[in-house]
Amino acid sequence: MVEHRMIDVNGIRLHIAEQGEGPLVVLLHGFPESWHSWRHQFGPLAEAGFRVVAPDQRGYGRSDHPEDVDAYSILHLVGDVVGLVHALGEERAFVVGHDWGAPVAWHTALLRPDVVRGVAGLSVPPPFRGAQPPLTTMRERFGGRFYWNYFEQPGVAEAEFTADTRATLRKLLYSASGDAPGAGRPEQALADPERGWLADAPDPEVLPGWLTEEDLDALTDSYARGFTGALNWYRNLDRNWELTAPWQGAVVSPPALYVYGDRDLVPAFPGTPELIEKLPDVMPNLRRKPLVLPGCGHWTQQERPAEVNEALLDFLTELRD
């Protein structure tokens, strides 16, 4: 059974879900999600002899939501992971992340390779620092309409999303999934400055098979405190670019795995297809070519749990044994 508790980490309190005994595997969720996005991974990984822990990351769910926007930098987020590993009585762990959790996992491996036995990222590939700040880049490319820039504006996305939290989450999850109309087309996630980001998002009459009403209830409950903490992660994108300058040109050195869906919009972001293409050449410890899941959208471990679990178990077991 998955058990829940609060734990003091890096000056804040995190809610964690945990199951199993053995080598520690930390699972990091993305936006707009919670620990619950890993519900299909707990049982198989625990049964295979791993100790599985998934936190609500800072600003999410039952974990602390610091008020200061600056408290959500990539260094804070990596600090949470390192602190969590140590608070759980371990020196090292496997770290797996999806969506925003993937950059946190990749940066943990980049900045603290001594703590990371192996790292896996779902949807978002490893970080290679661009020539200019990402918010600036996207603002120039898309005239301020890219969703990162929409999220920059204090209170704007919050007002749209909290008008009907359940409907917001239903639309966000469905529209980015492999089941949505037109999924997989190389279009960018642009927001209408007058109508918002969700104005044209499809709203399914029936949820896709990978998402139940109970799942949506659990996710909605986790946003009872709103979206500000989660959105503050995006508001630090340019600051993260500045903070990571010392690692310009560095690569992730621990053993690595990258998995994504062929209907996921993130791998189609500007410059990302080219990055994925060259990963086997620039990642010294990438254990296999990037694994592409046919028909899968953005919610990798939820849409394709069997395939993700198989890939993770192969990766983790090889490194453990």
# chains A, B, ... in the order shown; residues from 1 in each chain; ligands from 1
$ select_by_dssp --residues "stretch 71-298 of chain A" --states "strand (DSSP E)" --output "list in words"
Ala93, Phe94, Val95, Val96, Gly97, His98, Val116, Arg117, Gly118, Val119, Ala120, Gly121, Leu122, Ala256, Leu257, Tyr258, Val259, Tyr260, Gly261, Leu291, Val292 and Leu293 of chain A
$ write_last_selection --atoms "N, CA, C and O atoms" --output "PDB file, in the first residue's frame"
ATOM      1  N   ALA A  93      20.277   7.999  -4.875  1.00  0.00           N
ATOM      2  CA  ALA A  93      18.970   7.530  -5.318  1.00  0.00           C
ATOM      3  C   ALA A  93      18.908   7.557  -6.840  1.00  0.00           C
ATOM      4  O   ALA A  93      19.688   8.251  -7.509  1.00  0.00           O
ATOM      5  N   PHE A  94      17.962   6.817  -7.370  1.00  0.00           N
ATOM      6  CA  PHE A  94      17.557   6.977  -8.765  1.00  0.00           C
ATOM      7  C   PHE A  94      16.526   8.102  -8.807  1.00  0.00           C
ATOM      8  O   PHE A  94      15.655   8.178  -7.936  1.00  0.00           O
ATOM      9  N   VAL A  95      16.625   8.962  -9.792  1.00  0.00           N
ATOM     10  CA  VAL A  95      15.716  10.103  -9.889  1.00  0.00           C
ATOM     11  C   VAL A  95      15.029  10.076 -11.258  1.00  0.00           C
ATOM     12  O   VAL A  95      15.709  10.009 -12.299  1.00  0.00           O
ATOM     13  N   VAL A  96      13.698  10.119 -11.226  1.00  0.00           N
ATOM     14  CA  VAL A  96      12.885  10.041 -12.446  1.00  0.00           C
ATOM     15  C   VAL A  96      11.934  11.229 -12.459  1.00  0.00           C
ATOM     16  O   VAL A  96      11.282  11.515 -11.447  1.00  0.00           O
ATOM     17  N   GLY A  97      11.858  11.934 -13.574  1.00  0.00           N
ATOM     18  CA  GLY A  97      10.976  13.091 -13.639  1.00  0.00           C
ATOM     19  C   GLY A  97      10.189  13.149 -14.930  1.00  0.00           C
ATOM     20  O   GLY A  97      10.639  12.684 -15.982  1.00  0.00           O
ATOM     21  N   HIS A  98       9.003  13.724 -14.834  1.00  0.00           N
ATOM     22  CA  HIS A  98       8.151  13.946 -16.013  1.00  0.00           C
ATOM     23  C   HIS A  98       7.779  15.411 -16.100  1.00  0.00           C
ATOM     24  O   HIS A  98       7.553  16.076 -15.091  1.00  0.00           O
ATOM     25  N   VAL A 116      23.106  10.883  -7.518  1.00  0.00           N
ATOM     26  CA  VAL A 116      22.208  10.259  -8.492  1.00  0.00           C
ATOM     27  C   VAL A 116      22.813   8.977  -9.060  1.00  0.00           C
ATOM     28  O   VAL A 116      23.831   9.014  -9.772  1.00  0.00           O
ATOM     29  N   ARG A 117      22.176   7.848  -8.768  1.00  0.00           N
ATOM     30  CA  ARG A 117      22.630   6.561  -9.299  1.00  0.00           C
ATOM     31  C   ARG A 117      22.262   6.400 -10.762  1.00  0.00           C
ATOM     32  O   ARG A 117      22.940   5.706 -11.516  1.00  0.00           O
ATOM     33  N   GLY A 118      21.158   7.000 -11.150  1.00  0.00           N
ATOM     34  CA  GLY A 118      20.682   6.963 -12.519  1.00  0.00           C
ATOM     35  C   GLY A 118      19.552   7.962 -12.644  1.00  0.00           C
ATOM     36  O   GLY A 118      18.870   8.254 -11.662  1.00  0.00           O
ATOM     37  N   VAL A 119      19.344   8.521 -13.845  1.00  0.00           N
ATOM     38  CA  VAL A 119      18.326   9.547 -14.035  1.00  0.00           C
ATOM     39  C   VAL A 119      17.515   9.229 -15.287  1.00  0.00           C
ATOM     40  O   VAL A 119      18.071   8.829 -16.319  1.00  0.00           O
ATOM     41  N   ALA A 120      16.205   9.387 -15.167  1.00  0.00           N
ATOM     42  CA  ALA A 120      15.317   9.181 -16.305  1.00  0.00           C
ATOM     43  C   ALA A 120      14.406  10.392 -16.446  1.00  0.00           C
ATOM     44  O   ALA A 120      13.897  10.920 -15.449  1.00  0.00           O
ATOM     45  N   GLY A 121      14.209  10.823 -17.678  1.00  0.00           N
ATOM     46  CA  GLY A 121      13.313  11.938 -17.960  1.00  0.00           C
ATOM     47  C   GLY A 121      12.239  11.519 -18.942  1.00  0.00           C
ATOM     48  O   GLY A 121      12.533  10.838 -19.938  1.00  0.00           O
ATOM     49  N   LEU A 122      11.009  11.913 -18.666  1.00  0.00           N
ATOM     50  CA  LEU A 122       9.877  11.632 -19.539  1.00  0.00           C
ATOM     51  C   LEU A 122       9.375  12.938 -20.133  1.00  0.00           C
ATOM     52  O   LEU A 122       9.152  13.908 -19.406  1.00  0.00           O
ATOM     53  N   ALA A 256      21.581   7.369 -17.919  1.00  0.00           N
ATOM     54  CA  ALA A 256      20.378   8.125 -18.234  1.00  0.00           C
ATOM     55  C   ALA A 256      19.458   7.383 -19.191  1.00  0.00           C
ATOM     56  O   ALA A 256      19.890   6.558 -20.007  1.00  0.00           O
ATOM     57  N   LEU A 257      18.173   7.727 -19.085  1.00  0.00           N
ATOM     58  CA  LEU A 257      17.124   7.194 -19.955  1.00  0.00           C
ATOM     59  C   LEU A 257      16.195   8.334 -20.322  1.00  0.00           C
ATOM     60  O   LEU A 257      15.847   9.159 -19.464  1.00  0.00           O
ATOM     61  N   TYR A 258      15.788   8.405 -21.587  1.00  0.00           N
ATOM     62  CA  TYR A 258      14.844   9.438 -22.029  1.00  0.00           C
ATOM     63  C   TYR A 258      13.718   8.782 -22.815  1.00  0.00           C
ATOM     64  O   TYR A 258      13.963   7.996 -23.742  1.00  0.00           O
ATOM     65  N   VAL A 259      12.474   9.109 -22.429  1.00  0.00           N
ATOM     66  CA  VAL A 259      11.282   8.517 -23.032  1.00  0.00           C
ATOM     67  C   VAL A 259      10.300   9.629 -23.374  1.00  0.00           C
ATOM     68  O   VAL A 259      10.071  10.539 -22.569  1.00  0.00           O
ATOM     69  N   TYR A 260       9.689   9.554 -24.566  1.00  0.00           N
ATOM     70  CA  TYR A 260       8.669  10.552 -24.922  1.00  0.00           C
ATOM     71  C   TYR A 260       7.669   9.960 -25.908  1.00  0.00           C
ATOM     72  O   TYR A 260       7.931   8.933 -26.556  1.00  0.00           O
ATOM     73  N   GLY A 261       6.507  10.604 -25.998  1.00  0.00           N
ATOM     74  CA  GLY A 261       5.461  10.170 -26.912  1.00  0.00           C
ATOM     75  C   GLY A 261       5.547  10.894 -28.241  1.00  0.00           C
ATOM     76  O   GLY A 261       5.934  12.065 -28.295  1.00  0.00           O
ATOM     77  N   LEU A 291      13.564   6.582 -26.273  1.00  0.00           N
ATOM     78  CA  LEU A 291      12.461   5.659 -26.512  1.00  0.00           C
ATOM     79  C   LEU A 291      11.216   6.451 -26.893  1.00  0.00           C
ATOM     80  O   LEU A 291      10.753   7.291 -26.118  1.00  0.00           O
ATOM     81  N   VAL A 292      10.683   6.201 -28.073  1.00  0.00           N
ATOM     82  CA  VAL A 292       9.507   6.905 -28.567  1.00  0.00           C
ATOM     83  C   VAL A 292       8.288   5.980 -28.438  1.00  0.00           C
ATOM     84  O   VAL A 292       8.311   4.837 -28.911  1.00  0.00           O
ATOM     85  N   LEU A 293       7.231   6.483 -27.790  1.00  0.00           N
ATOM     86  CA  LEU A 293       6.012   5.704 -27.578  1.00  0.00           C
ATOM     87  C   LEU A 293       4.956   6.132 -28.594  1.00  0.00           C
ATOM     88  O   LEU A 293       4.432   7.244 -28.534  1.00  0.00           O
TER      89      LEU A 293
END
$ residues_around --residues "A:Gly130" --least-positions-apart "2" --cutoff "10 Å" --atoms "only C-alpha atoms" --output "number ranges by chain"
A: 127-128, 132-134, 137, 241, 248-249, 271
$ atom_distance --atom1 "atom CA of A:Leu14" --atom2 "atom CA of A:Phe50"
20.8 Å
$ residues_around --residues "A:Arg235" --least-positions-apart "3" --cutoff "9 Å" --atoms "only C-alpha atoms" --output "list of chain:residue names"
A:Val69, A:Asp70, A:Tyr72, A:Ser73, A:Leu135, A:Trp148, A:Asn149, A:Phe151, A:Glu152, A:Gln153, A:Pro154, A:Leu231, A:Asn232, A:Asp238, A:Arg239
$ write_last_selection --atoms "N, CA, C and O atoms" --output "short mmCIF file (atom, residue, chain, number, x, y, z; two decimals), in the first residue's frame"
data_model
loop_
_atom_site.label_atom_id
_atom_site.label_comp_id
_atom_site.auth_asym_id
_atom_site.auth_seq_id
_atom_site.Cartn_x
_atom_site.Cartn_y
_atom_site.Cartn_z
N VAL A 69 8.29 34.46 -5.12
CA VAL A 69 8.51 33.88 -6.44
C VAL A 69 9.92 33.32 -6.57
O VAL A 69 10.14 32.26 -7.18
N ASP A 70 10.89 34.01 -5.98
CA ASP A 70 12.28 33.59 -6.09
C ASP A 70 12.56 32.27 -5.39
O ASP A 70 13.63 31.69 -5.58
N TYR A 72 11.36 29.50 -6.06
CA TYR A 72 11.05 28.40 -6.97
C TYR A 72 12.10 28.25 -8.06
O TYR A 72 11.81 27.75 -9.15
N SER A 73 13.32 28.67 -7.79
CA SER A 73 14.38 28.53 -8.79
C SER A 73 14.79 27.06 -8.90
O SER A 73 14.51 26.23 -8.03
N LEU A 135 12.51 32.69 -21.64
CA LEU A 135 11.31 33.52 -21.75
C LEU A 135 11.51 34.61 -22.80
O LEU A 135 10.59 34.93 -23.57
N TRP A 148 4.42 30.02 -21.80
CA TRP A 148 5.36 30.42 -20.75
C TRP A 148 5.21 31.91 -20.45
O TRP A 148 5.23 32.31 -19.29
N ASN A 149 5.11 32.71 -21.49
CA ASN A 149 4.99 34.16 -21.32
C ASN A 149 3.64 34.55 -20.76
O ASN A 149 3.53 35.50 -19.97
N PHE A 151 2.04 32.74 -18.64
CA PHE A 151 2.15 32.39 -17.23
C PHE A 151 2.98 33.41 -16.44
O PHE A 151 2.88 33.48 -15.21
N GLU A 152 3.82 34.18 -17.12
CA GLU A 152 4.66 35.17 -16.46
C GLU A 152 3.85 36.24 -15.73
O GLU A 152 4.30 36.79 -14.74
N GLN A 153 2.69 36.58 -16.24
CA GLN A 153 1.92 37.72 -15.77
C GLN A 153 1.24 37.39 -14.45
O GLN A 153 0.35 36.53 -14.41
N PRO A 154 1.63 38.02 -13.35
CA PRO A 154 1.07 37.67 -12.04
C PRO A 154 -0.45 37.78 -12.02
O PRO A 154 -1.02 38.80 -12.42
N LEU A 231 2.78 27.93 -10.95
CA LEU A 231 3.11 28.89 -12.01
C LEU A 231 4.41 29.62 -11.72
O LEU A 231 5.11 30.08 -12.65
N ASN A 232 4.78 29.73 -10.44
CA ASN A 232 6.03 30.39 -10.10
C ASN A 232 7.25 29.65 -10.65
O ASN A 232 8.33 30.24 -10.82
N ASP A 238 13.88 32.44 -16.75
CA ASP A 238 15.04 33.28 -17.11
C ASP A 238 16.06 33.31 -15.98
O ASP A 238 17.27 33.33 -16.21
N ARG A 239 15.56 33.34 -14.75
CA ARG A 239 16.48 33.32 -13.59
C ARG A 239 17.26 32.01 -13.56
O ARG A 239 18.47 32.00 -13.25
#
$ closest_residue --among "A:Val81, A:Ala87, A:Ala180, A:Ala191" --to "A:Gly295" --atoms "only C-alpha atoms"
A:Ala180
$ select_by_dssp --residues "stretch 3-251 of chain A" --states "alpha helix (DSSP H)" --output "PDB file with C-alpha atoms, in the first residue's frame"
ATOM      1  CA  ARG A  39      -0.005   6.022  -9.353  1.00  0.00           C
ATOM      2  CA  HIS A  40       0.707   3.306 -11.957  1.00  0.00           C
ATOM      3  CA  GLN A  41       4.408   3.107 -11.121  1.00  0.00           C
ATOM      4  CA  PHE A  42       4.303   2.490  -7.363  1.00  0.00           C
ATOM      5  CA  GLY A  43       3.161  -1.127  -7.404  1.00  0.00           C
ATOM      6  CA  PRO A  44       5.417  -2.484 -10.182  1.00  0.00           C
ATOM      7  CA  LEU A  45       8.543  -0.724  -8.924  1.00  0.00           C
ATOM      8  CA  ALA A  46       7.917  -1.702  -5.295  1.00  0.00           C
ATOM      9  CA  GLU A  47       7.245  -5.308  -6.287  1.00  0.00           C
ATOM     10  CA  ILE A  74      15.951  25.373 -10.193  1.00  0.00           C
ATOM     11  CA  LEU A  75      18.510  25.482  -7.369  1.00  0.00           C
ATOM     12  CA  HIS A  76      15.708  25.368  -4.780  1.00  0.00           C
ATOM     13  CA  LEU A  77      14.084  22.471  -6.624  1.00  0.00           C
ATOM     14  CA  VAL A  78      17.308  20.490  -6.886  1.00  0.00           C
ATOM     15  CA  GLY A  79      17.930  21.264  -3.214  1.00  0.00           C
ATOM     16  CA  ASP A  80      14.569  19.724  -2.386  1.00  0.00           C
ATOM     17  CA  VAL A  81      15.486  16.480  -4.143  1.00  0.00           C
ATOM     18  CA  VAL A  82      18.921  16.223  -2.553  1.00  0.00           C
ATOM     19  CA  GLY A  83      17.445  17.106   0.825  1.00  0.00           C
ATOM     20  CA  LEU A  84      14.702  14.527   0.381  1.00  0.00           C
ATOM     21  CA  VAL A  85      17.172  11.759  -0.428  1.00  0.00           C
ATOM     22  CA  HIS A  86      19.164  12.554   2.693  1.00  0.00           C
ATOM     23  CA  ALA A  87      16.093  13.020   4.892  1.00  0.00           C
ATOM     24  CA  GLY A 101       9.934  17.067 -12.950  1.00  0.00           C
ATOM     25  CA  ALA A 102      12.273  16.059 -15.770  1.00  0.00           C
ATOM     26  CA  PRO A 103      14.338  19.285 -15.714  1.00  0.00           C
ATOM     27  CA  VAL A 104      14.538  18.923 -11.937  1.00  0.00           C
ATOM     28  CA  ALA A 105      15.748  15.337 -12.322  1.00  0.00           C
ATOM     29  CA  TRP A 106      18.214  16.247 -15.082  1.00  0.00           C
ATOM     30  CA  HIS A 107      19.590  19.201 -13.121  1.00  0.00           C
ATOM     31  CA  THR A 108      19.923  17.092  -9.978  1.00  0.00           C
ATOM     32  CA  ALA A 109      22.054  14.691 -11.995  1.00  0.00           C
ATOM     33  CA  LEU A 110      23.972  17.594 -13.545  1.00  0.00           C
ATOM     34  CA  LEU A 111      24.666  19.477 -10.316  1.00  0.00           C
ATOM     35  CA  PRO A 134      14.144  31.101 -22.577  1.00  0.00           C
ATOM     36  CA  LEU A 135      11.309  33.524 -21.746  1.00  0.00           C
ATOM     37  CA  THR A 136      13.032  36.174 -23.838  1.00  0.00           C
ATOM     38  CA  THR A 137      13.529  33.708 -26.681  1.00  0.00           C
ATOM     39  CA  MET A 138       9.890  32.645 -26.742  1.00  0.00           C
ATOM     40  CA  ARG A 139       8.637  36.226 -26.382  1.00  0.00           C
ATOM     41  CA  GLU A 140      10.595  37.249 -29.431  1.00  0.00           C
ATOM     42  CA  ARG A 141       9.614  34.174 -31.441  1.00  0.00           C
ATOM     43  CA  PHE A 142       5.890  34.190 -30.693  1.00  0.00           C
ATOM     44  CA  TYR A 147       2.170  29.897 -22.794  1.00  0.00           C
ATOM     45  CA  TRP A 148       5.360  30.416 -20.751  1.00  0.00           C
ATOM     46  CA  ASN A 149       4.990  34.158 -21.323  1.00  0.00           C
ATOM     47  CA  TYR A 150       1.276  34.040 -20.552  1.00  0.00           C
ATOM     48  CA  PHE A 151       2.150  32.391 -17.227  1.00  0.00           C
ATOM     49  CA  GLU A 152       4.662  35.174 -16.464  1.00  0.00           C
ATOM     50  CA  VAL A 156      -3.616  36.319 -15.009  1.00  0.00           C
ATOM     51  CA  ALA A 157      -3.365  32.547 -15.461  1.00  0.00           C
ATOM     52  CA  GLU A 158      -4.422  32.084 -11.821  1.00  0.00           C
ATOM     53  CA  ALA A 159      -7.696  33.889 -12.482  1.00  0.00           C
ATOM     54  CA  GLU A 160      -8.408  31.832 -15.590  1.00  0.00           C
ATOM     55  CA  PHE A 161      -7.513  28.497 -14.024  1.00  0.00           C
ATOM     56  CA  THR A 162      -9.340  28.926 -10.703  1.00  0.00           C
ATOM     57  CA  THR A 165     -10.408  24.266 -11.337  1.00  0.00           C
ATOM     58  CA  ARG A 166     -11.812  20.878 -12.328  1.00  0.00           C
ATOM     59  CA  ALA A 167     -12.676  22.026 -15.841  1.00  0.00           C
ATOM     60  CA  THR A 168      -9.238  23.616 -16.168  1.00  0.00           C
ATOM     61  CA  LEU A 169      -7.467  20.397 -15.269  1.00  0.00           C
ATOM     62  CA  ARG A 170      -9.769  18.299 -17.466  1.00  0.00           C
ATOM     63  CA  LYS A 171      -9.058  20.532 -20.477  1.00  0.00           C
ATOM     64  CA  LEU A 172      -5.307  20.730 -19.826  1.00  0.00           C
ATOM     65  CA  LEU A 173      -4.902  16.983 -19.466  1.00  0.00           C
ATOM     66  CA  TYR A 174      -7.084  16.088 -22.424  1.00  0.00           C
ATOM     67  CA  SER A 175      -5.769  18.740 -24.828  1.00  0.00           C
ATOM     68  CA  GLU A 213     -13.264  10.695 -12.763  1.00  0.00           C
ATOM     69  CA  GLU A 214     -11.644   9.612  -9.487  1.00  0.00           C
ATOM     70  CA  ASP A 215      -8.212  10.564 -10.831  1.00  0.00           C
ATOM     71  CA  LEU A 216      -9.558  13.963 -11.811  1.00  0.00           C
ATOM     72  CA  ASP A 217     -11.155  14.361  -8.369  1.00  0.00           C
ATOM     73  CA  ALA A 218      -7.821  13.636  -6.670  1.00  0.00           C
ATOM     74  CA  LEU A 219      -5.990  16.087  -8.896  1.00  0.00           C
ATOM     75  CA  THR A 220      -8.616  18.790  -8.365  1.00  0.00           C
ATOM     76  CA  ASP A 221      -8.349  18.376  -4.600  1.00  0.00           C
ATOM     77  CA  SER A 222      -4.594  18.902  -4.811  1.00  0.00           C
ATOM     78  CA  THR A 228       0.365  30.287  -7.972  1.00  0.00           C
ATOM     79  CA  GLY A 229       3.071  28.020  -6.552  1.00  0.00           C
ATOM     80  CA  ALA A 230       3.070  25.878  -9.682  1.00  0.00           C
ATOM     81  CA  LEU A 231       3.113  28.892 -12.006  1.00  0.00           C
ATOM     82  CA  ASN A 232       6.034  30.387 -10.095  1.00  0.00           C
ATOM     83  CA  TRP A 233       8.211  27.633 -11.563  1.00  0.00           C
ATOM     84  CA  TYR A 234       7.678  29.185 -15.009  1.00  0.00           C
ATOM     85  CA  LEU A 237      12.828  30.287 -16.257  1.00  0.00           C
ATOM     86  CA  ASP A 238      15.037  33.275 -17.108  1.00  0.00           C
ATOM     87  CA  ARG A 239      16.475  33.318 -13.592  1.00  0.00           C
ATOM     88  CA  ASN A 240      17.321  29.625 -13.936  1.00  0.00           C
ATOM     89  CA  TRP A 241      19.184  30.426 -17.140  1.00  0.00           C
ATOM     90  CA  GLU A 242      21.252  32.963 -15.208  1.00  0.00           C
ATOM     91  CA  LEU A 243      21.856  30.672 -12.230  1.00  0.00           C
TER      92      LEU A 243
END
$ residues_around --residues "stretch 52-54 of chain A" --least-positions-apart "4" --cutoff "6 Å" --atoms "only C-alpha atoms" --output "MDAnalysis selection string"
chainID A and resid 16:19 25:27 35
$ write_last_selection --atoms "C-alpha atoms" --output "PDB file, in the first residue's frame"
ATOM      1  CA  ILE A  16       5.421  12.394   0.127  1.00  0.00           C
ATOM      2  CA  ALA A  17       3.846   9.140  -0.965  1.00  0.00           C
ATOM      3  CA  GLU A  18       5.972   6.023  -0.532  1.00  0.00           C
ATOM      4  CA  GLN A  19       5.898   2.272  -1.007  1.00  0.00           C
ATOM      5  CA  VAL A  25      13.625   5.791  -6.535  1.00  0.00           C
ATOM      6  CA  VAL A  26      12.375   9.393  -6.395  1.00  0.00           C
ATOM      7  CA  LEU A  27       9.550  10.208  -8.818  1.00  0.00           C
ATOM      8  CA  TRP A  35       2.367  12.794  -6.767  1.00  0.00           C
TER       9      TRP A  35
END
$ residues_around --residues "A:Pro294" --least-positions-apart "5" --cutoff "12 Å" --atoms "only C-alpha atoms" --output "ChimeraX atom specification"
/A:178-179,183-184,259-264,300,303-304,307
$ write_last_selection --atoms "N, CA, C and O atoms" --output "PDB file, in the first residue's frame"
ATOM      1  N   GLY A 178      -2.501  12.216 -26.133  1.00  0.00           N
ATOM      2  CA  GLY A 178      -2.509  11.634 -27.464  1.00  0.00           C
ATOM      3  C   GLY A 178      -3.894  11.373 -27.992  1.00  0.00           C
ATOM      4  O   GLY A 178      -4.052  11.025 -29.169  1.00  0.00           O
ATOM      5  N   ASP A 179      -4.914  11.557 -27.154  1.00  0.00           N
ATOM      6  CA  ASP A 179      -6.299  11.320 -27.560  1.00  0.00           C
ATOM      7  C   ASP A 179      -6.988  12.557 -28.105  1.00  0.00           C
ATOM      8  O   ASP A 179      -8.076  12.461 -28.672  1.00  0.00           O
ATOM      9  N   ALA A 183      -3.860  15.659 -32.159  1.00  0.00           N
ATOM     10  CA  ALA A 183      -2.665  15.408 -31.340  1.00  0.00           C
ATOM     11  C   ALA A 183      -1.501  15.011 -32.229  1.00  0.00           C
ATOM     12  O   ALA A 183      -1.649  14.247 -33.174  1.00  0.00           O
ATOM     13  N   GLY A 184      -0.340  15.556 -31.915  1.00  0.00           N
ATOM     14  CA  GLY A 184       0.855  15.227 -32.657  1.00  0.00           C
ATOM     15  C   GLY A 184       1.214  16.201 -33.746  1.00  0.00           C
ATOM     16  O   GLY A 184       2.303  16.129 -34.316  1.00  0.00           O
ATOM     17  N   VAL A 259      12.474   9.109 -22.429  1.00  0.00           N
ATOM     18  CA  VAL A 259      11.282   8.517 -23.032  1.00  0.00           C
ATOM     19  C   VAL A 259      10.300   9.629 -23.374  1.00  0.00           C
ATOM     20  O   VAL A 259      10.071  10.539 -22.569  1.00  0.00           O
ATOM     21  N   TYR A 260       9.689   9.554 -24.566  1.00  0.00           N
ATOM     22  CA  TYR A 260       8.669  10.552 -24.922  1.00  0.00           C
ATOM     23  C   TYR A 260       7.669   9.960 -25.908  1.00  0.00           C
ATOM     24  O   TYR A 260       7.931   8.933 -26.556  1.00  0.00           O
ATOM     25  N   GLY A 261       6.507  10.604 -25.998  1.00  0.00           N
ATOM     26  CA  GLY A 261       5.461  10.170 -26.912  1.00  0.00           C
ATOM     27  C   GLY A 261       5.547  10.894 -28.241  1.00  0.00           C
ATOM     28  O   GLY A 261       5.934  12.065 -28.295  1.00  0.00           O
ATOM     29  N   ASP A 262       5.154  10.214 -29.309  1.00  0.00           N
ATOM     30  CA  ASP A 262       5.252  10.853 -30.622  1.00  0.00           C
ATOM     31  C   ASP A 262       4.124  11.847 -30.880  1.00  0.00           C
ATOM     32  O   ASP A 262       4.125  12.541 -31.896  1.00  0.00           O
ATOM     33  N   ARG A 263       3.162  11.953 -29.942  1.00  0.00           N
ATOM     34  CA  ARG A 263       2.107  12.958 -30.044  1.00  0.00           C
ATOM     35  C   ARG A 263       2.246  14.034 -28.964  1.00  0.00           C
ATOM     36  O   ARG A 263       1.305  14.778 -28.705  1.00  0.00           O
ATOM     37  N   ASP A 264       3.392  14.097 -28.345  1.00  0.00           N
ATOM     38  CA  ASP A 264       3.676  15.088 -27.300  1.00  0.00           C
ATOM     39  C   ASP A 264       4.180  16.367 -27.958  1.00  0.00           C
ATOM     40  O   ASP A 264       5.116  16.336 -28.768  1.00  0.00           O
ATOM     41  N   THR A 300       3.049  10.955 -20.251  1.00  0.00           N
ATOM     42  CA  THR A 300       3.720   9.713 -20.618  1.00  0.00           C
ATOM     43  C   THR A 300       3.388   8.538 -19.699  1.00  0.00           C
ATOM     44  O   THR A 300       2.895   7.500 -20.148  1.00  0.00           O
ATOM     45  N   GLU A 303      -0.501   7.820 -19.674  1.00  0.00           N
ATOM     46  CA  GLU A 303      -1.077   7.314 -20.920  1.00  0.00           C
ATOM     47  C   GLU A 303      -0.537   5.938 -21.294  1.00  0.00           C
ATOM     48  O   GLU A 303      -1.250   5.125 -21.885  1.00  0.00           O
ATOM     49  N   ARG A 304       0.724   5.684 -20.998  1.00  0.00           N
ATOM     50  CA  ARG A 304       1.361   4.417 -21.386  1.00  0.00           C
ATOM     51  C   ARG A 304       2.089   3.801 -20.189  1.00  0.00           C
ATOM     52  O   ARG A 304       3.304   3.601 -20.210  1.00  0.00           O
ATOM     53  N   GLU A 307       4.305   0.447 -20.835  1.00  0.00           N
ATOM     54  CA  GLU A 307       5.553   0.657 -21.563  1.00  0.00           C
ATOM     55  C   GLU A 307       6.566   1.441 -20.724  1.00  0.00           C
ATOM     56  O   GLU A 307       7.763   1.134 -20.724  1.00  0.00           O
TER      57      GLU A 307
END
$ closest_residue --among "A:Trp197, A:Trp299, A:Phe146, A:Phe269" --to "A:Phe31" --atoms "only C-alpha atoms"
A:Trp299
$ closest_residue --among "A:Cys296, A:His36, A:Ala199, A:Pro23" --to "A:Val308" --atoms "only C-alpha atoms"
A:Cys296
$ decode --residues "stretch 291-300 of chain A" --atoms "N, CA and C atoms" --output "mmCIF file, in the first residue's frame"
data_model
loop_
_atom_site.group_PDB
_atom_site.id
_atom_site.type_symbol
_atom_site.label_atom_id
_atom_site.label_comp_id
_atom_site.auth_asym_id
_atom_site.auth_seq_id
_atom_site.Cartn_x
_atom_site.Cartn_y
_atom_site.Cartn_z
ATOM 1 N N LEU A 291 13.564 6.582 -26.273
ATOM 2 C CA LEU A 291 12.461 5.659 -26.512
ATOM 3 C C LEU A 291 11.216 6.451 -26.893
ATOM 4 N N VAL A 292 10.683 6.201 -28.073
ATOM 5 C CA VAL A 292 9.507 6.905 -28.567
ATOM 6 C C VAL A 292 8.288 5.980 -28.438
ATOM 7 N N LEU A 293 7.231 6.483 -27.790
ATOM 8 C CA LEU A 293 6.012 5.704 -27.578
ATOM 9 C C LEU A 293 4.956 6.132 -28.594
ATOM 10 N N PRO A 294 4.609 5.278 -29.545
ATOM 11 C CA PRO A 294 3.640 5.629 -30.583
ATOM 12 C C PRO A 294 2.258 5.927 -29.994
ATOM 13 N N GLY A 295 1.644 7.007 -30.480
ATOM 14 C CA GLY A 295 0.291 7.357 -30.063
ATOM 15 C C GLY A 295 0.191 8.011 -28.705
ATOM 16 N N CYS A 296 1.333 8.215 -28.045
ATOM 17 C CA CYS A 296 1.331 8.771 -26.689
ATOM 18 C C CYS A 296 1.497 10.287 -26.748
ATOM 19 N N GLY A 297 0.709 10.977 -25.955
ATOM 20 C CA GLY A 297 0.816 12.415 -25.840
ATOM 21 C C GLY A 297 1.764 12.819 -24.724
ATOM 22 N N HIS A 298 1.422 13.891 -24.030
ATOM 23 C CA HIS A 298 2.334 14.484 -23.053
ATOM 24 C C HIS A 298 2.398 13.740 -21.734
ATOM 25 N N TRP A 299 1.314 13.054 -21.329
ATOM 26 C CA TRP A 299 1.225 12.491 -19.977
ATOM 27 C C TRP A 299 1.774 11.068 -19.975
ATOM 28 N N THR A 300 3.049 10.955 -20.251
ATOM 29 C CA THR A 300 3.720 9.713 -20.618
ATOM 30 C C THR A 300 3.388 8.538 -19.699
#
